[in-house]
$ cat model25.tsv   # TSV, C-alpha atoms and all ligand atoms
chain	number	residue	atom	x	y	z
A	17	MET	CA	-12.97	-8.02	10.55
A	18	LEU	CA	-9.74	-6.46	9.37
A	19	PHE	CA	-8.37	-5.67	5.92
A	20	ASP	CA	-4.61	-5.33	5.42
A	21	SER	CA	-4.56	-3.07	2.37
A	22	HIS	CA	-0.84	-3.55	1.65
A	23	ALA	CA	1.46	-6.49	2.43
A	24	HIS	CA	4.33	-8.36	0.80
A	25	LEU	CA	3.66	-11.98	1.70
A	26	ASP	CA	5.67	-12.91	-1.39
A	27	ASP	CA	8.80	-11.51	0.31
A	28	ALA	CA	11.64	-13.97	0.99
A	29	LYS	CA	11.41	-13.15	4.70
A	30	PHE	CA	8.31	-15.37	4.80
A	31	ASN	CA	9.90	-18.33	3.00
A	32	GLU	CA	10.84	-20.36	6.05
A	33	ASP	CA	7.50	-20.39	7.86
A	34	PHE	CA	5.09	-19.35	5.12
A	35	GLU	CA	2.38	-21.91	5.96
A	36	GLU	CA	2.50	-20.96	9.64
A	37	VAL	CA	2.01	-17.30	8.72
A	38	ILE	CA	-0.98	-18.19	6.53
A	39	GLU	CA	-2.42	-20.28	9.36
A	40	LYS	CA	-1.94	-17.40	11.79
A	41	ILE	CA	-3.76	-15.03	9.42
A	42	THR	CA	-6.67	-17.35	8.69
A	43	SER	CA	-7.27	-17.98	12.40
A	44	SER	CA	-7.24	-14.22	13.15
A	45	ALA	CA	-9.65	-11.35	12.49
A	46	ILE	CA	-7.85	-10.60	9.18
A	47	LYS	CA	-10.28	-11.39	6.41
A	48	THR	CA	-8.58	-9.84	3.37
A	49	VAL	CA	-5.01	-9.00	2.35
A	50	VAL	CA	-3.76	-7.29	-0.80
A	51	ASP	CA	-0.32	-8.62	-1.71
A	52	VAL	CA	1.55	-5.90	-3.55
A	53	GLY	CA	4.17	-6.59	-6.21
A	54	ALA	CA	7.42	-4.63	-6.12
A	55	ASP	CA	9.05	-5.99	-9.27
A	56	LEU	CA	8.13	-8.40	-12.06
A	57	GLU	CA	8.99	-11.52	-10.04
A	58	SER	CA	7.10	-10.46	-6.94
A	59	SER	CA	4.14	-9.33	-9.04
A	60	LYS	CA	3.97	-12.84	-10.53
A	61	LYS	CA	4.19	-14.33	-7.04
A	62	ALA	CA	1.44	-11.99	-5.81
A	63	VAL	CA	-0.85	-13.30	-8.56
A	64	GLU	CA	0.07	-16.91	-7.71
A	65	LEU	CA	-0.72	-16.33	-4.04
A	66	SER	CA	-4.07	-14.79	-4.97
A	67	GLU	CA	-4.90	-17.89	-7.01
A	68	LYS	CA	-4.03	-20.18	-4.14
A	69	TYR	CA	-5.63	-18.36	-1.20
A	70	PRO	CA	-9.16	-16.95	-1.38
A	71	PHE	CA	-8.44	-14.13	1.11
A	72	ILE	CA	-5.47	-12.77	-0.88
A	73	TYR	CA	-5.81	-10.31	-3.75
A	74	ALA	CA	-2.91	-8.99	-5.82
A	75	ALA	CA	-1.47	-5.70	-7.07
A	76	VAL	CA	1.14	-5.68	-9.83
A	77	GLY	CA	3.81	-3.09	-10.52
A	78	ILE	CA	7.42	-2.01	-10.15
A	79	HIS	CA	8.67	-0.24	-7.01
A	80	PRO	CA	10.56	3.02	-7.72
A	81	CYS	CA	13.74	1.48	-6.25
A	82	ASP	CA	13.61	-1.00	-9.17
A	83	ALA	CA	12.08	1.36	-11.71
A	84	ASP	CA	12.46	0.07	-15.24
A	85	THR	CA	10.72	1.78	-18.12
A	86	THR	CA	11.24	-0.79	-20.85
A	87	ASP	CA	8.22	-1.87	-22.89
A	88	ILE	CA	8.82	-5.56	-22.15
A	89	VAL	CA	8.34	-4.97	-18.43
A	90	PHE	CA	5.14	-2.98	-18.92
A	91	ASP	CA	3.75	-5.54	-21.37
A	92	GLU	CA	4.20	-8.20	-18.69
A	93	ILE	CA	2.68	-6.05	-15.95
A	94	LYS	CA	-0.27	-5.34	-18.21
A	95	ALA	CA	-0.76	-9.02	-18.98
A	96	LEU	CA	-0.65	-9.88	-15.26
A	97	ALA	CA	-3.09	-7.07	-14.48
A	98	THR	CA	-5.86	-8.72	-16.50
A	99	HIS	CA	-6.01	-11.57	-13.97
A	100	LYS	CA	-9.35	-11.56	-12.16
A	101	LYS	CA	-7.79	-11.27	-8.70
A	102	VAL	CA	-5.57	-8.32	-9.55
A	103	VAL	CA	-7.23	-5.32	-7.90
A	104	ALA	CA	-4.64	-2.54	-8.35
A	105	ILE	CA	-1.54	-1.33	-10.16
A	106	GLY	CA	1.52	-0.81	-7.95
A	107	GLU	CA	3.38	-0.22	-6.03
A	108	SER	CA	4.83	2.64	-7.99
A	109	GLY	CA	5.92	6.17	-7.19
A	110	LEU	CA	9.06	7.98	-6.11
A	111	ASP	CA	11.71	7.10	-3.55
A	112	TYR	CA	14.24	9.87	-2.90
A	113	TYR	CA	15.38	8.27	0.34
A	114	TRP	CA	17.18	5.34	-1.30
A	115	ASP	CA	17.49	7.15	-4.64
A	116	SER	CA	18.66	3.85	-6.15
A	117	VAL	CA	17.40	4.71	-9.65
A	118	PRO	CA	17.87	8.12	-11.36
A	119	ARG	CA	14.92	10.38	-10.57
A	120	ASP	CA	13.97	10.94	-14.21
A	121	VAL	CA	13.65	7.15	-14.64
A	122	GLN	CA	11.53	6.88	-11.48
A	123	LYS	CA	9.25	9.63	-12.78
A	124	LYS	CA	8.88	8.02	-16.19
A	125	SER	CA	8.03	4.68	-14.62
A	126	PHE	CA	5.53	6.32	-12.26
A	127	ILE	CA	3.77	8.05	-15.16
A	128	ARG	CA	3.57	4.79	-17.12
A	129	HIS	CA	1.97	3.10	-14.09
A	130	ILE	CA	-0.61	5.91	-13.88
A	131	GLU	CA	-1.42	5.52	-17.57
A	132	LEU	CA	-1.75	1.75	-17.21
A	133	ALA	CA	-3.99	2.06	-14.15
A	134	ASN	CA	-6.26	4.47	-15.99
A	135	GLU	CA	-6.33	2.32	-19.12
A	136	LEU	CA	-7.33	-0.75	-17.09
A	137	ASN	CA	-9.61	1.19	-14.76
A	138	LEU	CA	-7.72	0.01	-11.66
A	139	PRO	CA	-6.62	2.05	-8.64
A	140	LEU	CA	-2.95	2.95	-8.32
A	141	ILE	CA	-0.91	2.19	-5.17
A	142	VAL	CA	1.50	5.08	-4.66
A	143	HIS	CA	4.84	4.83	-2.85
A	144	ASP	CA	6.18	8.22	-1.74
A	145	ARG	CA	9.32	8.35	0.37
A	146	ASP	CA	10.92	11.77	0.86
A	147	ALA	CA	9.43	12.81	-2.49
A	148	HIS	CA	6.15	14.39	-1.40
A	149	GLN	CA	6.07	17.44	-3.68
A	150	ASP	CA	7.14	15.62	-6.86
A	151	THR	CA	4.70	12.79	-6.11
A	152	PHE	CA	1.90	15.30	-5.66
A	153	ASP	CA	2.82	17.23	-8.82
A	154	ILE	CA	2.83	14.08	-10.97
A	155	LEU	CA	-0.48	12.86	-9.54
A	156	LYS	CA	-2.02	16.26	-10.15
A	157	GLU	CA	-0.82	16.39	-13.73
A	158	TYR	CA	-1.43	12.78	-14.81
A	159	LYS	CA	-4.55	12.20	-12.70
A	160	PRO	CA	-4.98	8.54	-11.83
A	161	LYS	CA	-8.75	8.00	-11.50
A	162	ASN	CA	-8.24	6.31	-8.14
A	163	ALA	CA	-5.19	6.09	-5.94
A	164	ILE	CA	-3.96	5.08	-2.50
A	165	ILE	CA	-1.10	6.99	-0.90
A	166	HIS	CA	0.43	3.97	0.77
A	167	CYS	CA	2.37	4.12	4.04
A	168	PHE	CA	1.60	7.80	4.31
A	169	SER	CA	4.59	9.73	5.68
A	170	ALA	CA	3.99	13.39	4.76
A	171	SER	CA	2.44	16.29	6.67
A	172	LYS	CA	-1.21	16.88	7.49
A	173	GLU	CA	-1.22	19.72	4.92
A	174	MET	CA	-0.08	17.26	2.27
A	175	ALA	CA	-2.70	14.72	3.40
A	176	LYS	CA	-5.36	17.36	2.77
A	177	GLU	CA	-3.96	18.01	-0.72
A	178	PHE	CA	-4.00	14.30	-1.63
A	179	VAL	CA	-7.55	14.02	-0.32
A	180	LYS	CA	-8.57	17.01	-2.48
A	181	LEU	CA	-7.46	14.98	-5.50
A	182	GLY	CA	-9.90	12.30	-4.31
A	183	TYR	CA	-7.33	9.80	-3.10
A	184	TYR	CA	-7.21	7.43	-0.14
A	185	ILE	CA	-4.59	7.67	2.60
A	186	SER	CA	-3.20	4.46	4.07
A	187	PHE	CA	-1.46	4.41	7.45
A	188	SER	CA	1.03	1.72	8.42
A	189	GLY	CA	2.52	0.65	11.75
A	190	SER	CA	4.67	3.78	11.75
A	191	VAL	CA	1.69	5.67	13.20
A	192	THR	CA	2.27	3.69	16.44
A	193	PHE	CA	5.90	4.80	16.78
A	194	LYS	CA	6.80	7.16	19.62
A	195	ASN	CA	8.08	9.89	17.27
A	196	ALA	CA	4.97	9.80	15.04
A	197	LYS	CA	3.58	13.21	16.03
A	198	ASN	CA	3.14	14.40	12.44
A	199	LEU	CA	1.37	11.19	11.44
A	200	VAL	CA	-0.99	11.45	14.39
A	201	GLU	CA	-1.92	14.95	13.17
A	202	ALA	CA	-2.36	13.66	9.62
A	203	VAL	CA	-4.76	10.91	10.75
A	204	LYS	CA	-7.04	13.60	12.16
A	205	VAL	CA	-7.49	15.42	8.82
A	206	VAL	CA	-8.29	12.42	6.62
A	207	PRO	CA	-12.05	12.00	6.02
A	208	LEU	CA	-13.29	8.73	7.51
A	209	ASP	CA	-14.28	7.43	4.08
A	210	LYS	CA	-10.71	7.87	2.75
A	211	LEU	CA	-8.86	6.13	5.58
A	212	LEU	CA	-7.04	2.81	5.08
A	213	ILE	CA	-4.75	0.67	7.24
A	214	GLU	CA	-1.91	-1.59	6.18
A	215	THR	CA	1.11	-3.44	7.49
A	216	ASP	CA	3.55	-3.18	4.55
A	217	SER	CA	4.75	-6.44	6.11
A	218	PRO	CA	7.40	-7.82	6.48
A	219	TYR	CA	8.50	-4.22	7.08
A	220	LEU	CA	7.42	-1.53	9.57
A	221	CYS	CA	6.29	-3.69	12.45
A	222	PRO	CA	4.08	-1.59	14.76
A	223	GLU	CA	4.60	-1.09	18.48
A	224	PRO	CA	4.72	-3.00	20.80
A	225	THR	CA	6.98	-5.22	18.66
A	226	ARG	CA	8.68	-2.58	16.49
A	227	GLY	CA	11.77	-3.94	14.74
A	228	LYS	CA	10.47	-7.53	14.50
A	229	ARG	CA	9.24	-9.08	11.26
A	230	ASN	CA	5.79	-7.74	10.55
A	231	ASP	CA	2.83	-9.78	9.28
A	232	PRO	CA	-0.78	-8.94	8.33
A	233	THR	CA	-2.22	-9.85	11.76
A	234	LYS	CA	-0.39	-6.87	13.22
A	235	VAL	CA	-2.58	-4.43	11.30
A	236	GLU	CA	-4.66	-4.67	14.49
A	237	PHE	CA	-2.20	-2.38	16.32
A	238	THR	CA	-2.52	0.30	13.65
A	239	ALA	CA	-6.32	0.07	13.89
A	240	ARG	CA	-6.15	0.41	17.69
A	241	LYS	CA	-3.86	3.44	17.46
A	242	ILE	CA	-6.13	5.16	14.94
A	243	ALA	CA	-9.14	4.46	17.15
A	244	GLU	CA	-7.30	6.09	20.06
A	245	ILE	CA	-6.31	9.14	17.94
A	246	LEU	CA	-9.83	9.67	16.60
A	247	GLY	CA	-11.71	8.78	19.77
A	248	LEU	CA	-13.60	6.01	17.98
A	249	SER	CA	-14.12	2.41	19.04
A	250	TYR	CA	-11.70	-0.20	17.72
A	251	GLU	CA	-14.62	-2.03	16.10
A	252	ASN	CA	-15.70	1.13	14.34
A	253	VAL	CA	-12.21	1.67	12.85
A	254	CYS	CA	-12.04	-1.97	11.74
A	255	GLU	CA	-15.40	-1.68	10.05
A	256	LEU	CA	-14.85	1.63	8.30
A	257	THR	CA	-11.36	0.77	7.03
A	258	TYR	CA	-12.69	-2.59	5.82
A	259	GLU	CA	-15.48	-0.90	3.87
A	260	ASN	CA	-13.08	1.71	2.46
A	261	ALA	CA	-10.65	-0.97	1.26
A	262	LYS	CA	-13.48	-2.92	-0.35
A	263	ARG	CA	-14.63	0.22	-2.15
A	264	ILE	CA	-11.23	1.34	-3.48
A	265	TYR	CA	-10.27	-2.21	-4.57
A	266	ASN	CA	-13.73	-2.75	-6.03
A	267	LEU	CA	-14.39	-6.03	-4.16
B	301	NI	NI	5.10	-1.87	0.10
$ encode --input "model25.tsv" --output "structure tokens"
Amino acid sequence: MLFDSHAHLDDAKFNEDFEEVIEKITSSAIKTVVDVGADLESSKKAVELSEKYPFIYAAVGIHPCDADTTDIVFDEIKALATHKKVVAIGESGLDYYWDSVPRDVQKKSFIRHIELANELNLPLIVHDRDAHQDTFDILKEYKPKNAIIHCFSASKEMAKEFVKLGYYISFSGSVTFKNAKNLVEAVKVVPLDKLLIETDSPYLCPEPTRGKRNDPTKVEFTARKIAEILGLSYENVCELTYENAKRIYNL
């Protein structure tokens, strides 16, 4: 049994063969997928998908690359978040790689997401790209009760700091890449009860098909790589990451 803790099945890259992708997932070992909203439209689609497919749950929020701090947007996100299959707020955070929105706006949006998550008692899905220190500082100051550092990309020292705050660390297919030395080291310092796996599909396809469109079934390759790094059986990694995802998403 596998749990893809972070996917974007609502992405337009799945439009053409959506039903085939669903069929592929349901006939695989993937039992649960959290579809994560990146803007208002995709958050609505995530909720729709969760209504239609029993194995899909939704997260709602605005990605830092589309950060928008207007009340209207947050009122809508809040309304969506009351749906019974919404299990998290996000993704939100900071993206200094694309830097497509001024950093002060990204920070304000991130803080509003933290406040909303805490108000609704939901975990927060955190996006951190090239913004590790600022992400950490905001989390430390505003203290989401529960959070997932999604698609972890920082150092092992940083992983330890996030874990000290009580948060979960989610590894994507990038841990399978040949240049992933730092990620391999980070995997080793995350307590087994804080470890999650994800695809972030359609992005970040793991080896051996890096560069192709990703989909939730490929979370298997991330699980296999983590098993190899930790010297655990594949089944053991599947089981513990499944239990961890169930716990953080309160399923
Ligand atoms: Ni994502």
$ residues_near_ligand --input "model25.tsv" --ligand "ligand NI 301 (chain B)" --cutoff "8 Å" --atoms "only C-alpha atoms and all ligand atoms" --output "list in words"
His22, Ala23, His24, Val52, Gly53, Ala54, Glu107, His143, His166, Cys167, Asp216 and Ser217 of chain A
$ closest_residue --input "model25.tsv" --among "A:Pro207, A:Pro139, A:Pro232, A:Pro224" --to "Thr257 of chain A" --atoms "all atoms listed in the file"
A:Pro207
$ residues_around --input "model25.tsv" --residues "Asp84 of chain A" --least-positions-apart "4" --cutoff "12 Å" --atoms "only C-alpha atoms" --output "VMD selection string"
chain A and resid 54 to 56 77 to 80 88 to 90 93 108 116 to 129
$ residues_around --input "model25.tsv" --residues "segment 178-185 of chain A" --least-positions-apart "5" --cutoff "8 Å" --atoms "all atoms listed in the file" --output "PyMOL selection string"
chain A and resi 152+156+162-168+206+210-212
$ closest_residue --input "model25.tsv" --among "A:His148, A:Glu201, A:Tyr258, A:Asp231" --to "Asp33 of chain A" --atoms "only C-alpha atoms"
A:Asp231
$ atom_distance --input "model25.tsv" --atom1 "atom CA of Thr225 of chain A" --atom2 "atom CA of Gly189 of chain A"
10.1 Å
$ closest_residue --input "model25.tsv" --among "A:Glu244, A:Asp26, A:Glu255, A:Glu236" --to "Leu208 of chain A" --atoms "all atoms listed in the file"
A:Glu255
$ residues_around --input "model25.tsv" --residues "Thr151 of chain A" --least-positions-apart "4" --cutoff "7 Å" --atoms "only C-alpha atoms" --output "list in words"
Gly109, Leu110, Asp144, Ala147 and Leu155 of chain A
$ closest_residue --input "model25.tsv" --among "A:Asn195, A:Ser169, A:Thr233, A:Asn31" --to "Glu214 of chain A" --atoms "all atoms listed in the file"
A:Thr233
$ axis_aligned_box --input "model25.tsv" --around "segment 149-165 of chain A" --padding-each-side "5 Å" --output "JSON"
{"center_x": -0.8, "center_y": 11.3, "center_z": -7.9, "size_x": 25.9, "size_y": 22.4, "size_z": 23.9}
$ closest_residue --input "model25.tsv" --among "A:Leu256, A:Ile41, A:Val203, A:Ala261" --to "Ser21 of chain A" --atoms "all atoms listed in the file"
A:Ala261
$ closest_residue --input "model25.tsv" --among "A:Lys40, A:Lys100, A:Lys204, A:Asp91" --to "Leu248 of chain A" --atoms "only C-alpha atoms"
A:Lys204
$ atom_distance --input "model25.tsv" --atom1 "atom CA of Phe237 of chain A" --atom2 "atom CA of Val103 of chain A"
24.9 Å
$ residues_near_point --input "model25.tsv" --point "(5.6, -6.4, 9.6)" --cutoff "6 Å" --atoms "only C-alpha atoms" --output "VMD selection string"
chain A and resid 215 217 to 221 229 to 231
$ build_atoms --input "model25.tsv" --residues "segment 59-72 of chain A" --atoms "N, CA, C and O atoms" --output "PDB file, in the coordinates of the input"
ATOM      1  N   SER A  59       5.498  -9.508  -8.508  1.00  0.00           N
ATOM      2  CA  SER A  59       4.140  -9.330  -9.040  1.00  0.00           C
ATOM      3  C   SER A  59       3.570 -10.672  -9.490  1.00  0.00           C
ATOM      4  O   SER A  59       2.396 -10.974  -9.251  1.00  0.00           O
ATOM      5  N   LYS A  60       4.422 -11.484 -10.123  1.00  0.00           N
ATOM      6  CA  LYS A  60       3.970 -12.840 -10.530  1.00  0.00           C
ATOM      7  C   LYS A  60       3.611 -13.670  -9.301  1.00  0.00           C
ATOM      8  O   LYS A  60       2.599 -14.377  -9.274  1.00  0.00           O
ATOM      9  N   LYS A  61       4.464 -13.574  -8.276  1.00  0.00           N
ATOM     10  CA  LYS A  61       4.190 -14.330  -7.040  1.00  0.00           C
ATOM     11  C   LYS A  61       2.902 -13.850  -6.373  1.00  0.00           C
ATOM     12  O   LYS A  61       2.149 -14.656  -5.826  1.00  0.00           O
ATOM     13  N   ALA A  62       2.667 -12.536  -6.414  1.00  0.00           N
ATOM     14  CA  ALA A  62       1.440 -11.990  -5.810  1.00  0.00           C
ATOM     15  C   ALA A  62       0.216 -12.603  -6.494  1.00  0.00           C
ATOM     16  O   ALA A  62      -0.747 -13.000  -5.829  1.00  0.00           O
ATOM     17  N   VAL A  63       0.279 -12.704  -7.824  1.00  0.00           N
ATOM     18  CA  VAL A  63      -0.850 -13.300  -8.560  1.00  0.00           C
ATOM     19  C   VAL A  63      -0.998 -14.777  -8.192  1.00  0.00           C
ATOM     20  O   VAL A  63      -2.116 -15.264  -7.954  1.00  0.00           O
ATOM     21  N   GLU A  64       0.135 -15.495  -8.092  1.00  0.00           N
ATOM     22  CA  GLU A  64       0.070 -16.910  -7.710  1.00  0.00           C
ATOM     23  C   GLU A  64      -0.565 -17.086  -6.333  1.00  0.00           C
ATOM     24  O   GLU A  64      -1.395 -17.978  -6.124  1.00  0.00           O
ATOM     25  N   LEU A  65      -0.152 -16.242  -5.400  1.00  0.00           N
ATOM     26  CA  LEU A  65      -0.720 -16.330  -4.040  1.00  0.00           C
ATOM     27  C   LEU A  65      -2.231 -16.074  -4.070  1.00  0.00           C
ATOM     28  O   LEU A  65      -2.997 -16.724  -3.364  1.00  0.00           O
ATOM     29  N   SER A  66      -2.640 -15.118  -4.905  1.00  0.00           N
ATOM     30  CA  SER A  66      -4.070 -14.790  -4.970  1.00  0.00           C
ATOM     31  C   SER A  66      -4.873 -15.939  -5.575  1.00  0.00           C
ATOM     32  O   SER A  66      -6.053 -16.117  -5.264  1.00  0.00           O
ATOM     33  N   GLU A  67      -4.215 -16.717  -6.438  1.00  0.00           N
ATOM     34  CA  GLU A  67      -4.900 -17.890  -7.010  1.00  0.00           C
ATOM     35  C   GLU A  67      -5.062 -18.990  -5.968  1.00  0.00           C
ATOM     36  O   GLU A  67      -6.045 -19.707  -5.945  1.00  0.00           O
ATOM     37  N   LYS A  68      -4.055 -19.085  -5.112  1.00  0.00           N
ATOM     38  CA  LYS A  68      -4.030 -20.180  -4.140  1.00  0.00           C
ATOM     39  C   LYS A  68      -4.886 -19.927  -2.901  1.00  0.00           C
ATOM     40  O   LYS A  68      -5.464 -20.857  -2.347  1.00  0.00           O
ATOM     41  N   TYR A  69      -4.941 -18.667  -2.453  1.00  0.00           N
ATOM     42  CA  TYR A  69      -5.630 -18.360  -1.200  1.00  0.00           C
ATOM     43  C   TYR A  69      -6.777 -17.387  -1.447  1.00  0.00           C
ATOM     44  O   TYR A  69      -6.554 -16.264  -1.913  1.00  0.00           O
ATOM     45  N   PRO A  70      -7.999 -17.797  -1.103  1.00  0.00           N
ATOM     46  CA  PRO A  70      -9.160 -16.950  -1.380  1.00  0.00           C
ATOM     47  C   PRO A  70      -9.089 -15.564  -0.749  1.00  0.00           C
ATOM     48  O   PRO A  70      -9.608 -14.599  -1.303  1.00  0.00           O
ATOM     49  N   PHE A  71      -8.434 -15.433   0.407  1.00  0.00           N
ATOM     50  CA  PHE A  71      -8.440 -14.130   1.110  1.00  0.00           C
ATOM     51  C   PHE A  71      -7.380 -13.171   0.579  1.00  0.00           C
ATOM     52  O   PHE A  71      -7.320 -12.018   1.009  1.00  0.00           O
ATOM     53  N   ILE A  72      -6.521 -13.646  -0.348  1.00  0.00           N
ATOM     54  CA  ILE A  72      -5.470 -12.770  -0.880  1.00  0.00           C
ATOM     55  C   ILE A  72      -5.858 -12.253  -2.265  1.00  0.00           C
ATOM     56  O   ILE A  72      -6.287 -13.016  -3.132  1.00  0.00           O
TER      57      ILE A  72
END
